[in-house]
>>> print(open('data-v4.cif').read())   # mmCIF, C-alpha atoms
data_final
#
loop_
_atom_site.label_atom_id
_atom_site.label_comp_id
_atom_site.auth_asym_id
_atom_site.auth_seq_id
_atom_site.Cartn_x
_atom_site.Cartn_y
_atom_site.Cartn_z
CA MET A 1 -2.43 4.81 -16.27
CA ASN A 2 0.07 7.14 -14.59
CA SER A 3 -2.04 8.49 -11.78
CA ALA A 4 -2.56 7.79 -8.10
CA ILE A 5 -5.64 7.89 -5.92
CA VAL A 6 -4.97 10.03 -2.87
CA PHE A 7 -6.87 9.64 0.39
CA ARG A 8 -6.50 12.73 2.53
CA ARG A 9 -7.41 11.92 6.15
CA GLY A 10 -8.75 14.44 8.64
CA PRO A 11 -10.21 16.13 10.42
CA THR A 12 -11.10 13.07 12.58
CA ASP A 13 -12.78 10.39 10.42
CA TRP A 14 -13.20 12.55 7.32
CA ILE A 15 -11.43 11.35 4.15
CA GLN A 16 -11.18 13.16 0.81
CA MET A 17 -10.46 11.25 -2.39
CA SER A 18 -8.45 12.98 -5.14
CA ILE A 19 -6.70 11.95 -8.35
CA TRP A 20 -3.00 12.81 -8.64
CA ASN A 21 -1.96 13.01 -12.31
CA LEU A 22 1.65 11.87 -12.21
CA ASP A 23 2.44 13.06 -15.74
CA ASN A 24 2.01 16.74 -14.85
CA ASP A 25 1.49 16.61 -11.05
CA THR A 26 -1.95 18.22 -11.21
CA LEU A 27 -4.54 17.26 -8.60
CA GLU A 28 -8.26 16.68 -9.14
CA PRO A 29 -9.94 17.07 -5.72
CA GLY A 30 -12.93 14.80 -5.18
CA GLN A 31 -15.55 13.90 -2.63
CA TRP A 32 -15.32 13.66 1.13
CA ILE A 33 -16.65 10.75 3.19
CA HIS A 34 -17.21 10.54 6.96
CA LYS A 35 -16.51 6.82 7.36
CA LYS A 36 -13.73 4.44 8.35
CA VAL A 37 -12.05 3.27 5.12
CA PRO A 38 -9.08 0.89 5.61
CA MET A 39 -6.61 2.02 2.95
CA ARG A 40 -4.88 -1.36 2.67
CA ASN A 41 -8.06 -3.03 1.43
CA CYS A 42 -8.47 -0.70 -1.56
CA ASP A 43 -7.41 -1.09 -5.18
CA ILE A 44 -7.75 0.76 -8.47
CA SER A 45 -8.57 -0.81 -11.83
CA PRO A 46 -5.80 -0.83 -14.48
CA SER A 47 -7.49 2.02 -16.37
CA GLY A 48 -7.90 4.06 -13.18
CA ASN A 49 -11.64 4.36 -13.85
CA TYR A 50 -12.83 2.26 -10.90
CA LEU A 51 -11.97 1.96 -7.21
CA ILE A 52 -12.81 -0.86 -4.83
CA TYR A 53 -12.83 0.02 -1.14
CA ALA A 54 -14.29 -1.16 2.16
CA VAL A 55 -16.29 0.78 4.74
CA ASP A 56 -15.80 -0.45 8.30
CA ASN A 57 -19.13 -0.31 10.15
CA PHE A 58 -17.96 -2.46 13.05
CA GLU A 59 -20.42 -0.85 15.47
CA ASN A 60 -23.51 -2.15 13.67
CA GLY A 61 -21.96 -5.21 12.03
CA ARG A 62 -22.80 -4.06 8.51
CA SER A 63 -19.47 -3.35 6.86
CA ARG A 64 -19.50 -3.01 3.09
CA THR A 65 -17.26 -3.41 0.09
CA VAL A 66 -17.95 -0.86 -2.63
CA ILE A 67 -16.92 -0.09 -6.22
CA SER A 68 -17.06 3.56 -7.30
CA LYS A 69 -15.64 5.91 -9.93
CA PRO A 70 -12.79 8.10 -8.60
CA PRO A 71 -12.67 10.72 -7.32
CA PHE A 72 -16.19 9.98 -6.03
CA TRP A 73 -17.29 7.59 -3.28
CA THR A 74 -20.78 7.08 -4.74
CA ALA A 75 -21.50 3.34 -4.90
CA LEU A 76 -21.98 1.50 -8.19
CA THR A 77 -21.92 -2.03 -6.73
CA VAL A 78 -22.06 -3.00 -3.04
CA TRP A 79 -21.41 -6.20 -1.07
CA GLU A 80 -22.38 -6.37 2.61
CA HIS A 81 -20.32 -8.63 4.86
CA GLY A 82 -20.82 -8.03 8.56
CA ASP A 83 -17.50 -7.16 10.21
CA MET A 84 -13.92 -6.64 9.01
CA LEU A 85 -12.13 -8.87 11.49
CA PHE A 86 -8.84 -10.34 10.20
CA ASP A 87 -8.81 -7.55 7.59
CA ARG A 88 -11.74 -8.95 5.63
CA GLY A 89 -13.45 -6.69 3.11
CA GLY A 90 -12.31 -4.74 0.07
CA GLY A 91 -10.60 -6.45 -2.82
CA LEU A 92 -8.45 -5.94 -5.90
CA PHE A 93 -8.74 -5.82 -9.67
CA ALA A 94 -7.14 -8.81 -11.38
CA ASP A 95 -7.74 -6.96 -14.65
CA GLU A 96 -10.19 -4.42 -16.05
CA LYS A 97 -12.99 -7.01 -16.23
CA THR A 98 -12.29 -9.05 -13.08
CA VAL A 99 -12.60 -8.02 -9.45
CA VAL A 100 -11.38 -10.25 -6.62
CA LEU A 101 -13.33 -9.82 -3.39
CA ASN A 102 -11.86 -10.26 0.08
CA VAL A 103 -15.24 -11.54 1.34
CA GLN A 104 -16.93 -14.94 1.41
CA SER A 105 -19.99 -14.18 -0.71
CA THR A 106 -20.07 -12.65 -4.19
CA GLN A 107 -23.78 -11.77 -3.90
CA ALA A 108 -24.17 -8.00 -4.22
CA LEU A 109 -27.02 -5.94 -2.79
CA ASP A 110 -30.11 -5.82 -5.01
CA HIS A 111 -30.02 -2.05 -5.41
CA TYR A 112 -26.29 -2.09 -6.32
CA PRO A 113 -25.93 -5.13 -8.61
CA VAL A 114 -22.90 -6.47 -10.44
CA PRO A 115 -22.91 -5.47 -14.14
CA SER A 116 -23.03 -8.34 -16.63
CA HIS A 117 -19.58 -7.52 -18.04
CA LEU A 118 -17.78 -7.76 -14.66
CA ASN A 119 -16.38 -11.09 -13.44
CA VAL A 120 -16.40 -11.51 -9.66
CA GLU A 121 -14.12 -13.93 -7.81
CA THR A 122 -13.16 -14.44 -4.17
CA PHE A 123 -9.62 -13.94 -2.90
CA GLN A 124 -7.60 -17.15 -2.49
CA THR A 125 -4.03 -17.47 -1.24
CA GLN A 126 -1.66 -20.20 -0.10
CA LYS A 127 -0.64 -18.06 2.86
CA GLU A 128 -2.42 -18.26 6.21
CA TYR A 129 -3.16 -15.47 8.66
CA SER A 130 -0.24 -15.64 11.12
CA LEU A 131 1.04 -13.07 13.61
CA SER A 132 4.18 -15.13 14.10
CA LYS A 133 5.02 -14.72 10.41
CA GLY A 134 3.87 -11.12 10.17
CA GLN A 135 1.10 -12.21 7.79
CA VAL A 136 -1.76 -10.02 8.97
CA ASN A 137 -3.38 -8.48 5.88
CA LEU A 138 -2.99 -11.15 3.21
CA LEU A 139 -4.89 -9.18 0.57
CA HIS A 140 -2.55 -6.22 1.01
CA GLU A 141 0.53 -8.45 0.75
CA HIS A 142 -0.80 -10.04 -2.43
CA ARG A 143 -1.48 -6.65 -4.01
CA GLN A 144 2.02 -5.46 -3.12
CA GLU A 145 3.52 -8.50 -4.83
CA ILE A 146 1.42 -7.85 -7.94
CA ASN A 147 2.67 -4.25 -7.93
CA GLY A 148 6.33 -5.25 -7.98
CA TRP A 149 7.27 -5.45 -4.29
CA THR A 150 9.25 -8.46 -3.04
CA GLU A 151 9.78 -9.55 0.55
CA GLU A 152 13.40 -9.30 1.75
CA LYS A 153 15.13 -11.16 4.59
CA ASP A 154 17.38 -8.82 6.59
CA PRO A 155 16.70 -9.51 10.31
CA SER A 156 19.52 -7.33 11.67
CA PHE A 157 18.40 -4.27 9.69
CA ILE A 158 14.75 -4.79 10.63
CA GLN A 159 15.64 -5.17 14.31
CA LYS A 160 17.87 -2.08 14.31
CA GLU A 161 15.14 0.08 12.77
CA THR A 162 12.12 -1.20 14.73
CA THR A 163 13.47 -1.87 18.23
CA PRO A 164 13.32 1.84 19.25
CA LEU A 165 9.63 1.87 18.26
CA LEU A 166 8.59 -1.19 20.23
CA GLN A 167 8.19 -1.35 23.98
CA GLU A 168 9.22 -4.25 26.19
CA THR A 169 5.53 -5.04 26.63
CA THR A 170 5.00 -5.41 22.88
CA PRO A 171 4.01 -9.01 22.06
CA LYS A 172 6.92 -10.96 20.60
CA SER A 173 4.51 -12.28 17.97
CA ILE A 174 4.58 -8.93 16.14
CA VAL A 175 6.89 -9.52 13.17
CA PRO A 176 7.86 -6.52 11.01
CA LYS A 177 8.32 -7.24 7.30
CA LEU A 178 10.80 -5.74 4.87
CA TRP A 179 9.76 -5.14 1.26
CA LYS A 180 11.82 -4.00 -1.72
CA LYS A 181 10.92 -2.43 -5.06
CA ASN A 182 13.66 -1.84 -7.64
CA ILE A 183 13.94 1.62 -9.18
CA THR A 184 17.08 1.06 -11.29
CA ASN A 185 19.81 -1.58 -11.35
CA SER A 186 21.56 0.27 -8.53
CA ALA A 187 18.71 1.84 -6.55
CA ALA A 188 15.64 0.50 -4.77
CA LEU A 189 12.87 1.60 -2.44
CA TYR A 190 12.67 -0.33 0.86
CA TRP A 191 9.69 -0.51 3.17
CA ILE A 192 9.39 -1.88 6.72
CA THR A 193 5.81 -2.41 7.83
CA PHE A 194 4.11 -3.89 10.90
CA TYR A 195 1.03 -3.48 13.08
CA HIS A 196 1.76 -1.67 16.37
CA PRO A 197 -0.54 -3.13 19.06
CA GLU A 198 -0.08 -0.31 21.58
CA GLN A 199 -0.74 2.42 19.03
CA ARG A 200 -3.36 0.29 17.24
CA LYS A 201 -2.15 1.27 13.80
CA ASN A 202 0.15 0.17 11.01
CA VAL A 203 3.69 1.55 11.13
CA ASP A 204 5.47 2.16 7.80
CA LEU A 205 9.13 3.09 7.40
CA PHE A 206 10.68 3.88 4.01
CA TYR A 207 14.29 3.91 2.79
CA LEU A 208 16.21 4.61 -0.40
CA GLY A 209 18.68 1.80 -0.99
CA ARG A 210 21.92 2.19 -2.94
CA LYS A 211 24.45 -0.63 -2.96
CA GLU A 212 24.84 -1.60 0.70
CA GLU A 213 23.42 1.64 2.11
CA LYS A 214 19.80 2.35 3.09
CA ILE A 215 18.91 6.03 3.60
CA LYS A 216 15.81 6.63 5.72
CA LEU A 217 13.09 8.83 4.21
CA HIS A 218 12.06 10.51 7.45
CA ASP A 219 8.38 10.93 8.37
CA ILE A 220 7.17 9.49 5.05
CA THR A 221 3.82 7.72 5.59
CA TRP A 222 3.52 6.13 2.13
CA ALA A 223 5.82 5.81 -0.89
CA ASP A 224 6.03 4.05 -4.24
CA ILE A 225 7.55 4.38 -7.73
CA ASP A 226 5.64 6.02 -10.58
CA ASN A 227 5.92 5.47 -14.34
CA ARG A 228 8.49 8.26 -14.60
CA ASN A 229 10.71 6.30 -12.20
CA ARG A 230 10.27 8.88 -9.45
CA ILE A 231 9.71 8.17 -5.79
CA ILE A 232 6.26 9.55 -4.93
CA ALA A 233 5.34 9.94 -1.29
CA THR A 234 3.08 11.43 1.35
CA LYS A 235 4.18 13.26 4.46
CA GLU A 236 2.27 15.36 6.99
CA GLY A 237 -0.70 15.90 4.67
CA LYS A 238 1.46 16.80 1.67
CA LEU A 239 2.38 15.08 -1.62
CA TYR A 240 6.03 14.74 -2.64
CA ALA A 241 7.91 13.51 -5.72
CA SER A 242 11.56 13.08 -6.68
CA LYS A 243 12.97 16.04 -8.57
CA ILE A 244 13.73 15.49 -12.26
CA ALA A 245 16.75 17.47 -13.52
CA THR A 246 16.87 19.28 -16.86
CA ASP A 247 18.87 16.40 -18.35
CA GLY A 248 16.11 13.95 -17.42
CA SER A 249 17.94 12.32 -14.50
CA VAL A 250 16.05 11.71 -11.25
CA ASP A 251 17.37 12.87 -7.88
CA TYR A 252 15.83 10.25 -5.61
CA THR A 253 16.99 11.84 -2.36
CA ASN A 254 15.47 15.20 -3.27
CA LEU A 255 11.73 14.90 -2.65
CA GLU A 256 9.95 18.10 -3.65
CA MET A 257 6.52 19.03 -2.31
CA VAL A 258 4.00 19.20 -5.15
CA HIS A 259 0.74 19.67 -3.19
CA ASP A 260 -0.23 20.71 0.33
CA LEU A 261 -3.60 19.17 1.22
CA ASN A 262 -3.80 20.57 4.74
CA PRO A 263 -5.86 23.69 3.88
CA LEU A 264 -8.64 21.54 2.37
CA LYS A 265 -11.77 21.23 4.52
CA PRO A 266 -14.77 18.88 4.25
CA SER A 267 -17.42 20.16 1.88
CA ARG A 268 -20.33 18.75 -0.10
CA ILE A 269 -19.40 17.86 -3.68
CA PRO A 270 -22.32 16.49 -5.77
CA THR A 271 -21.73 13.37 -7.85
CA PRO A 272 -22.20 13.92 -11.62
CA LEU A 273 -24.66 11.54 -13.28
CA THR A 274 -21.84 9.99 -15.36
CA MET A 275 -20.10 8.92 -12.14
CA LYS A 276 -23.17 7.11 -10.77
CA THR A 277 -23.32 4.32 -13.36
CA TRP A 278 -21.09 1.67 -14.88
CA GLU A 279 -19.85 2.08 -18.41
CA ASP A 280 -21.61 -0.20 -20.90
CA SER A 281 -18.40 -2.18 -21.26
CA LEU A 282 -15.06 -2.12 -19.45
#
>>> encode(input="data-v4.cif", output="structure tokens")
Amino acid sequence: MNSAIVFRRGPTDWIQMSIWNLDNDTLEPGQWIHKKVPMRNCDISPSGNYLIYAVDNFENGRSRTVISKPPFWTALTVWEHGDMLFDRGGGLFADEKTVVLNVQSTQALDHYPVPSHLNVETFQTQKEYSLSKGQVNLLHEHRQEINGWTEEKDPSFIQKETTPLLQETTPKSIVPKLWKKNITNSAALYWITFYHPEQRKNVDLFYLGRKEEKIKLHDITWADIDNRNRIIATKEGKLYASKIATDGSVDYTNLEMVHDLNPLKPSRIPTPLTMKTWEDSL
């Protein structure tokens, strides 16, 4: 699979799901949803045919974890689990036939059952939730490690980049983490991430690393490496990708806009019948 699931936020709590084909940079716009969907608790199956996501219904204590077929939100299987405190909910695909839930019970709702060919497990990790270690969303960290990111220790660089963003009143227990993903033998993508208590949101900072230098990718809200070895990124409601020269080389510092999602507005998009049911086998 060389595609990405794109969640376009706004206006307010509206989110549109689309599929970004990274081979030709075409976009398949999908459904809108008017719910709170924590992006860090989502995952896509290896084939790209299934998405697991969580819906945060904190107000009524009936949050849900759902599996659907992108680019549609329509539920195939649903687990209900109360709240999403400590980043509970959602999950990841261990493989095409195994889903790992970030909830305590694997019992799905009667009207949205688990198909017989899908194995369901619960998320287990040796790490413990710890603000002092920056371990807040353990599921997200585990998924990043699976996807090729490694945690780096560079306290001076982290402090230099994050101190201007943190106030004196910010709890000292907030620990930013630095992650690295190799692009080539001489280039890597770096990512500083932490939860900002005053702003009540995750802060993500991205850098292109070459030798001893780290070049900040300004205003980028998300970035990763695709199968063509490009940096792909989001910024201000737009999709970007590294430019590939005619000789096949990749200019990592030159991020070209490939799609502007800002003109898109919420609309009703019916779910086709084929996207409402599981395939007979995965």
>>> atom_distance(input="data-v4.cif", atom1="CA of Ser68 in chain A", atom2="CA of Leu51 in chain A")
5.3 Å
>>> closest_residue(input="data-v4.cif", among="A:Phe157, A:Trp179, A:Trp222, A:Tyr240", to="Met39 in chain A", atoms="only C-alpha atoms")
A:Trp222
>>> resolve_selection(input="data-v4.cif", expression="the PyMOL selection byres ((chain A and resi 11) around 10)", output="list in words")
Arg8, Arg9, Gly10, Thr12, Asp13, Trp14, Ile15, His34, Asn262, Leu264, Lys265 and Pro266 of chain A
>>> residues_around(input="data-v4.cif", residues="range 181-187 of chain A", least_positions_apart="5", cutoff="12 Å", atoms="only C-alpha atoms", output="VMD selection string")
chain A and resid 144 to 152 192 206 to 215 223 to 232 242 249 to 253
>>> closest_residue(input="data-v4.cif", among="A:Ile174, A:Lys216, A:Thr277, A:Pro46", to="Thr77 in chain A", atoms="all atoms listed in the file")
A:Thr277
>>> closest_residue(input="data-v4.cif", among="A:Val66, A:Leu189, A:Val100, A:Met257", to="Leu139 in chain A", atoms="all atoms listed in the file")
A:Val100
>>> atom_distance(input="data-v4.cif", atom1="CA of Asp219 in chain A", atom2="CA of Lys180 in chain A")
18.3 Å
>>> atom_distance(input="data-v4.cif", atom1="CA of Lys235 in chain A", atom2="CA of Thr221 in chain A")
5.7 Å
>>> residues_around(input="data-v4.cif", residues="Ser47 in chain A", least_positions_apart="6", cutoff="12 Å", atoms="all atoms listed in the file", output="ChimeraX atom specification")
/A:1-4,69-70,93-97,282
>>> residues_near_point(input="data-v4.cif", point="(0.0, -1.8, 10.3)", cutoff="12 Å", atoms="all atoms listed in the file", output="number ranges by chain")
A: 38-40, 87, 131, 134-137, 140-141, 174-177, 192-205, 221-222
>>> closest_residue(input="data-v4.cif", among="A:Leu118, A:Ile52, A:Gln107, A:Leu22", to="Glu279 in chain A", atoms="all atoms listed in the file")
A:Leu118
>>> closest_residue(input="data-v4.cif", among="A:Gln159, A:Thr246, A:Ser267, A:Gln31", to="Ile19 in chain A", atoms="all atoms listed in the file")
A:Gln31
>>> residues_around(input="data-v4.cif", residues="Tyr112 in chain A", least_positions_apart="5", cutoff="8 Å", atoms="only C-alpha atoms", output="list in words")
Ala75, Leu76, Thr77 and Val78 of chain A
>>> resolve_selection(input="data-v4.cif", expression="the PyMOL selection byres ((chain A and resi 259) around 8)", output="JSON, numbers by chain")
{"A": [27, 238, 239, 240, 257, 258, 260, 261]}
>>> resolve_selection(input="data-v4.cif", expression="the PyMOL selection byres ((chain A and resi 28) around 8)", output="list in words")
Ser18, Ile19, Trp20, Asn21, Thr26, Leu27, Pro29, Gly30 and Pro71 of chain A
>>> build_atoms(input="data-v4.cif", residues="range 61-72 of chain A", atoms="all heavy atoms", output="mmCIF file, in the frame of the given file")
data_model
loop_
_atom_site.group_PDB
_atom_site.id
_atom_site.type_symbol
_atom_site.label_atom_id
_atom_site.label_comp_id
_atom_site.auth_asym_id
_atom_site.auth_seq_id
_atom_site.Cartn_x
_atom_site.Cartn_y
_atom_site.Cartn_z
ATOM 1 N N GLY A 61 -22.146 -3.934 12.685
ATOM 2 C CA GLY A 61 -21.960 -5.210 12.030
ATOM 3 C C GLY A 61 -22.398 -5.256 10.588
ATOM 4 O O GLY A 61 -22.748 -6.316 10.070
ATOM 5 N N ARG A 62 -22.356 -4.102 9.908
ATOM 6 C CA ARG A 62 -22.800 -4.060 8.510
ATOM 7 C C ARG A 62 -21.725 -3.360 7.657
ATOM 8 O O ARG A 62 -21.993 -2.366 6.997
ATOM 9 C CB ARG A 62 -24.141 -3.329 8.385
ATOM 10 C CG ARG A 62 -25.288 -4.030 9.103
ATOM 11 C CD ARG A 62 -26.579 -3.261 8.959
ATOM 12 N NE ARG A 62 -26.998 -3.139 7.570
ATOM 13 C CZ ARG A 62 -28.061 -2.434 7.187
ATOM 14 N NH1 ARG A 62 -28.776 -1.759 8.088
ATOM 15 N NH2 ARG A 62 -28.394 -2.380 5.917
ATOM 16 N N SER A 63 -20.540 -3.889 7.700
ATOM 17 C CA SER A 63 -19.470 -3.350 6.860
ATOM 18 C C SER A 63 -19.763 -3.674 5.403
ATOM 19 O O SER A 63 -20.465 -4.640 5.087
ATOM 20 C CB SER A 63 -18.122 -3.938 7.273
ATOM 21 O OG SER A 63 -17.799 -3.562 8.596
ATOM 22 N N ARG A 64 -19.204 -2.851 4.512
ATOM 23 C CA ARG A 64 -19.500 -3.010 3.090
ATOM 24 C C ARG A 64 -18.243 -2.892 2.246
ATOM 25 O O ARG A 64 -17.308 -2.187 2.611
ATOM 26 C CB ARG A 64 -20.520 -1.952 2.637
ATOM 27 C CG ARG A 64 -21.906 -2.116 3.251
ATOM 28 C CD ARG A 64 -22.870 -1.083 2.718
ATOM 29 N NE ARG A 64 -24.252 -1.397 3.085
ATOM 30 C CZ ARG A 64 -25.316 -0.755 2.608
ATOM 31 N NH1 ARG A 64 -25.149 0.249 1.747
ATOM 32 N NH2 ARG A 64 -26.536 -1.099 2.974
ATOM 33 N N THR A 65 -18.273 -3.581 1.125
ATOM 34 C CA THR A 65 -17.260 -3.410 0.090
ATOM 35 C C THR A 65 -17.940 -2.766 -1.108
ATOM 36 O O THR A 65 -19.031 -3.191 -1.515
ATOM 37 C CB THR A 65 -16.635 -4.762 -0.297
ATOM 38 O OG1 THR A 65 -15.829 -5.220 0.803
ATOM 39 C CG2 THR A 65 -15.755 -4.635 -1.535
ATOM 40 N N VAL A 66 -17.293 -1.727 -1.651
ATOM 41 C CA VAL A 66 -17.950 -0.860 -2.630
ATOM 42 C C VAL A 66 -17.039 -0.656 -3.843
ATOM 43 O O VAL A 66 -15.819 -0.576 -3.703
ATOM 44 C CB VAL A 66 -18.285 0.514 -2.005
ATOM 45 C CG1 VAL A 66 -18.959 1.433 -3.008
ATOM 46 C CG2 VAL A 66 -19.146 0.344 -0.754
ATOM 47 N N ILE A 67 -17.637 -0.539 -5.024
ATOM 48 C CA ILE A 67 -16.920 -0.090 -6.220
ATOM 49 C C ILE A 67 -17.518 1.255 -6.629
ATOM 50 O O ILE A 67 -18.731 1.416 -6.687
ATOM 51 C CB ILE A 67 -17.031 -1.088 -7.376
ATOM 52 C CG1 ILE A 67 -16.284 -2.376 -7.035
ATOM 53 C CG2 ILE A 67 -16.442 -0.494 -8.662
ATOM 54 C CD1 ILE A 67 -16.329 -3.437 -8.131
ATOM 55 N N SER A 68 -16.628 2.223 -6.889
ATOM 56 C CA SER A 68 -17.060 3.560 -7.300
ATOM 57 C C SER A 68 -16.150 4.060 -8.416
ATOM 58 O O SER A 68 -15.198 3.380 -8.811
ATOM 59 C CB SER A 68 -17.019 4.528 -6.116
ATOM 60 O OG SER A 68 -15.672 4.820 -5.746
ATOM 61 N N LYS A 69 -16.465 5.258 -8.915
ATOM 62 C CA LYS A 69 -15.640 5.910 -9.930
ATOM 63 C C LYS A 69 -14.888 7.079 -9.281
ATOM 64 O O LYS A 69 -15.516 8.048 -8.851
ATOM 65 C CB LYS A 69 -16.505 6.447 -11.074
ATOM 66 C CG LYS A 69 -17.041 5.396 -12.027
ATOM 67 C CD LYS A 69 -17.824 6.079 -13.156
ATOM 68 C CE LYS A 69 -18.258 5.099 -14.217
ATOM 69 N NZ LYS A 69 -19.023 5.789 -15.299
ATOM 70 N N PRO A 70 -13.562 6.991 -9.179
ATOM 71 C CA PRO A 70 -12.790 8.100 -8.600
ATOM 72 C C PRO A 70 -12.945 9.377 -9.426
ATOM 73 O O PRO A 70 -13.096 9.303 -10.650
ATOM 74 C CB PRO A 70 -11.343 7.585 -8.676
ATOM 75 C CG PRO A 70 -11.448 6.104 -8.824
ATOM 76 C CD PRO A 70 -12.708 5.868 -9.596
ATOM 77 N N PRO A 71 -12.929 10.530 -8.750
ATOM 78 C CA PRO A 71 -12.670 10.720 -7.320
ATOM 79 C C PRO A 71 -13.947 10.828 -6.479
ATOM 80 O O PRO A 71 -14.043 11.682 -5.597
ATOM 81 C CB PRO A 71 -11.895 12.032 -7.298
ATOM 82 C CG PRO A 71 -12.526 12.836 -8.406
ATOM 83 C CD PRO A 71 -12.915 11.832 -9.467
ATOM 84 N N PHE A 72 -14.926 9.959 -6.759
ATOM 85 C CA PHE A 72 -16.190 9.980 -6.030
ATOM 86 C C PHE A 72 -16.399 8.660 -5.290
ATOM 87 O O PHE A 72 -16.012 7.593 -5.767
ATOM 88 C CB PHE A 72 -17.357 10.240 -6.987
ATOM 89 C CG PHE A 72 -17.261 11.576 -7.676
ATOM 90 C CD1 PHE A 72 -16.615 11.696 -8.894
ATOM 91 C CD2 PHE A 72 -17.792 12.710 -7.092
ATOM 92 C CE1 PHE A 72 -16.500 12.932 -9.517
ATOM 93 C CE2 PHE A 72 -17.685 13.950 -7.704
ATOM 94 C CZ PHE A 72 -17.031 14.062 -8.917
#
